[in-house]
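What follows is a short report on a single structure.
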Amino acid sequence: MSPAQFIVTFFCIVAGVSAMVSTVAPCDLEDKSCITNSFKISFQDLVNGIPTMGVNSSDPIEKKKILGILPKLKYTLTDVTFSGLKDCEVREAFFTPDHTKFIFTVICPRLVTKGHYDAKGQLLNFDVFGKGNIEINSYGFNMTFKTDIEMFKDCDDKDHMKIKDYKLQLNDKAFVTHELSNLFNGDKARAEAVTKVMSANWRRVSEEAEAPAMYSLILVFIKNMNNYFEGLPLEEIFYKISQ
Ligand SMILES: *[C@@H]1O[C@H](CO)[C@@H](O)[C@H](O)[C@H]1NC(C)=O
Ligand SMILES: *[C@@H]1O[C@H](CO)[C@@H](O)[C@H](O)[C@H]1NC(C)=O
């Protein structure tokens, strides 16, 4: 048996088992309130992870190392943890009419990124340098994931989806705090002044500096989502919830 055949056979067995616990009434993919209501529950399952299906937990997400190489700033983050996704609430989820996009908005009370940093360069026209601990707290984030998807069928002829690409839109109504130990090699007054400006300009900081880190962390989440979508057919993710 070739490796490809083995994967297909394995997948069919997994799909066969989950079909036995299949829910009754799937959502019509055009029915936004059905999609939203069921995704509120599915999102929690997805974030918690399903070890038996090979879906890792997304809270926390851990990365050993993230490199940020930007025109004016270079940094390395190590032993990074990103937590708080399990407290996010799905506000809205829907498919576009051609079923090529799945768009959802979550409100997250608090997202925490922690780790060690080593940075040198310019940020918001300040020269910055330092090496120490970093903690970024984001409160009340309203984020919209716009994903490009494709549909495929498993061997039981059930539809599944897969995310091919995504864009993350950070909507307003958030405040963000930055704490960096040993910034400017321990010059506290200078560090405090700059982190205040960073927090007040969080949107520019996230665009100018944090995008590579955010992208790399969210990519882990997207991978976990795809494992979840591969393991479960659409009808077990999006289904009518009896009132
Ligand atoms: C789950 O996480 C572990 C540890 O980070 C990693 O080695 C493994 O590849 C992940 N599994 C999947 C299916 O993403
Ligand atoms: C989240 O942002 C979207 C897009 O800006 C907006 O329509 C929605 O009302 C916001 N929701 C909350 C709860 O702030």
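As shown in the structure tokens, the chain order sets the letters A, B, ...; within each chain, residues go from 1, and ligands are also counted from 1 in the order they appear.
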
Exercise. Please, which residues have at least one atom within 9 Å of an atom of ligand 1, using only C-alpha atoms and all ligand atoms, listed as a ChimeraX atom specification?
Worked result: /A:51,53-57,61-63,220,223-224,227

Just N, CA and C atoms for this one: save the residues we selected as a compact mmCIF listing (two decimals), in the first residue's frame.
```txt
# COMPACT_ATOMS: atom_id res chain seq x y z
N PRO A 51 -8.13 16.19 20.90
CA PRO A 51 -6.93 15.36 20.76
C PRO A 51 -7.17 14.09 19.95
N MET A 53 -8.94 13.65 17.49
CA MET A 53 -9.03 13.94 16.06
C MET A 53 -7.75 14.63 15.56
N GLY A 54 -6.76 14.77 16.46
CA GLY A 54 -5.51 15.42 16.07
C GLY A 54 -5.64 16.93 15.96
N VAL A 55 -6.66 17.51 16.63
CA VAL A 55 -6.80 18.96 16.62
C VAL A 55 -6.19 19.52 17.90
N ASN A 56 -5.10 20.25 17.78
CA ASN A 56 -4.44 20.83 18.94
C ASN A 56 -5.27 21.96 19.53
N SER A 57 -5.14 22.17 20.83
CA SER A 57 -5.77 23.32 21.47
C SER A 57 -5.16 24.62 20.94
N ILE A 61 -1.56 29.21 22.27
CA ILE A 61 -0.75 28.85 21.11
C ILE A 61 0.69 29.15 21.50
N GLU A 62 1.57 28.21 21.23
CA GLU A 62 2.98 28.40 21.61
C GLU A 62 3.88 28.36 20.39
N LYS A 63 4.84 29.24 20.37
CA LYS A 63 5.85 29.23 19.29
C LYS A 63 7.21 29.39 19.94
N VAL A 220 -0.92 29.29 13.20
CA VAL A 220 -1.08 28.06 13.98
C VAL A 220 -2.58 27.80 14.21
N LYS A 223 -4.11 26.50 11.07
CA LYS A 223 -3.77 25.08 10.91
C LYS A 223 -4.69 24.21 11.77
N ASN A 224 -4.88 24.63 13.02
CA ASN A 224 -5.77 23.88 13.90
C ASN A 224 -7.19 23.86 13.35
N ASN A 227 -7.39 21.32 10.59
CA ASN A 227 -7.46 19.94 11.09
C ASN A 227 -8.88 19.62 11.57
```

For this session: Do a neighbour search on Leu73 (chain A) at 10 Å with only C-alpha atoms, toss out local chain neighbours closer than 2 positions, and write the hits as a VMD selection string.
Result: chain A and resid 68 to 71 75 119 to 123 127 to 129 208 to 209

For this session: Could I get the residue neighbourhood of ligand 2 at 7 Å, counting only C-alpha atoms and all ligand atoms, as an MDAnalysis selection string?
Result: chainID A and resid 105 107 142:143 171:173

Based on the selection just made, write N, CA and C atoms of those residues as a compact mmCIF listing (two decimals), in the first residue's frame.
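Printed below is part-v6.txt as written:
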```txt
# COMPACT_ATOMS: atom_id res chain seq x y z
N THR A 105 -16.59 37.08 12.80
CA THR A 105 -16.11 38.13 13.71
C THR A 105 -16.18 37.61 15.13
N ILE A 107 -15.27 38.69 19.32
CA ILE A 107 -14.90 39.73 20.27
C ILE A 107 -14.12 39.03 21.38
N ASN A 142 -12.01 43.31 18.63
CA ASN A 142 -13.06 42.92 17.70
C ASN A 142 -12.34 42.57 16.40
N MET A 143 -12.25 41.27 16.09
CA MET A 143 -11.46 40.84 14.94
C MET A 143 -12.34 40.12 13.94
N ASN A 171 -10.74 45.41 14.02
CA ASN A 171 -11.68 46.53 14.09
C ASN A 171 -11.36 47.37 15.32
N ASP A 172 -12.05 48.46 15.46
CA ASP A 172 -11.77 49.37 16.58
C ASP A 172 -12.23 48.81 17.93
N LYS A 173 -12.28 49.70 18.88
CA LYS A 173 -12.79 49.40 20.22
C LYS A 173 -11.87 48.45 20.98
```

Problem set entry | Residue among A:Lys146, A:Lys131, A:Lys74, A:Lys114 lying closest to Ala93 (chain A), counting only C-alpha atoms |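 That would be A:Lys146, the residue with the smallest distance to Ala93 (chain A).
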
Problem set entry | 9 Å contact set for Tyr166 (chain A), only C-alpha atoms, chain neighbours under 2 positions out, as number ranges by chain | A: 145-149, 163-164, 168, 222

Would you output that residue set with N, CA and C atoms, as an mmCIF file, in the first residue's frame?
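Result saved to out.cif:
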```
data_model
loop_
_atom_site.group_PDB
_atom_site.id
_atom_site.type_symbol
_atom_site.label_atom_id
_atom_site.label_comp_id
_atom_site.auth_asym_id
_atom_site.auth_seq_id
_atom_site.Cartn_x
_atom_site.Cartn_y
_atom_site.Cartn_z
ATOM 1 N N PHE A 145 -12.125 37.598 10.716
ATOM 2 C CA PHE A 145 -11.343 36.692 9.877
ATOM 3 C C PHE A 145 -12.074 36.559 8.555
ATOM 4 N N LYS A 146 -11.381 36.945 7.482
ATOM 5 C CA LYS A 146 -11.967 36.761 6.150
ATOM 6 C C LYS A 146 -11.182 35.660 5.481
ATOM 7 N N THR A 147 -11.780 34.480 5.361
ATOM 8 C CA THR A 147 -11.020 33.337 4.849
ATOM 9 C C THR A 147 -11.501 32.949 3.460
ATOM 10 N N ASP A 148 -10.540 32.572 2.625
ATOM 11 C CA ASP A 148 -10.841 31.975 1.323
ATOM 12 C C ASP A 148 -10.866 30.476 1.543
ATOM 13 N N ILE A 149 -11.946 29.859 1.114
ATOM 14 C CA ILE A 149 -12.076 28.423 1.391
ATOM 15 C C ILE A 149 -12.301 27.630 0.112
ATOM 16 N N ILE A 163 -9.490 26.062 4.671
ATOM 17 C CA ILE A 163 -9.081 27.460 4.495
ATOM 18 C C ILE A 163 -7.811 27.497 3.663
ATOM 19 N N LYS A 164 -7.864 28.249 2.561
ATOM 20 C CA LYS A 164 -6.685 28.348 1.685
ATOM 21 C C LYS A 164 -5.864 29.583 2.013
ATOM 22 N N LEU A 168 -6.886 39.085 8.274
ATOM 23 C CA LEU A 168 -7.391 39.405 9.603
ATOM 24 C C LEU A 168 -7.575 40.905 9.671
ATOM 25 N N ILE A 222 -5.029 28.823 12.304
ATOM 26 C CA ILE A 222 -5.620 28.430 11.011
ATOM 27 C C ILE A 222 -5.330 26.942 10.741
#
```
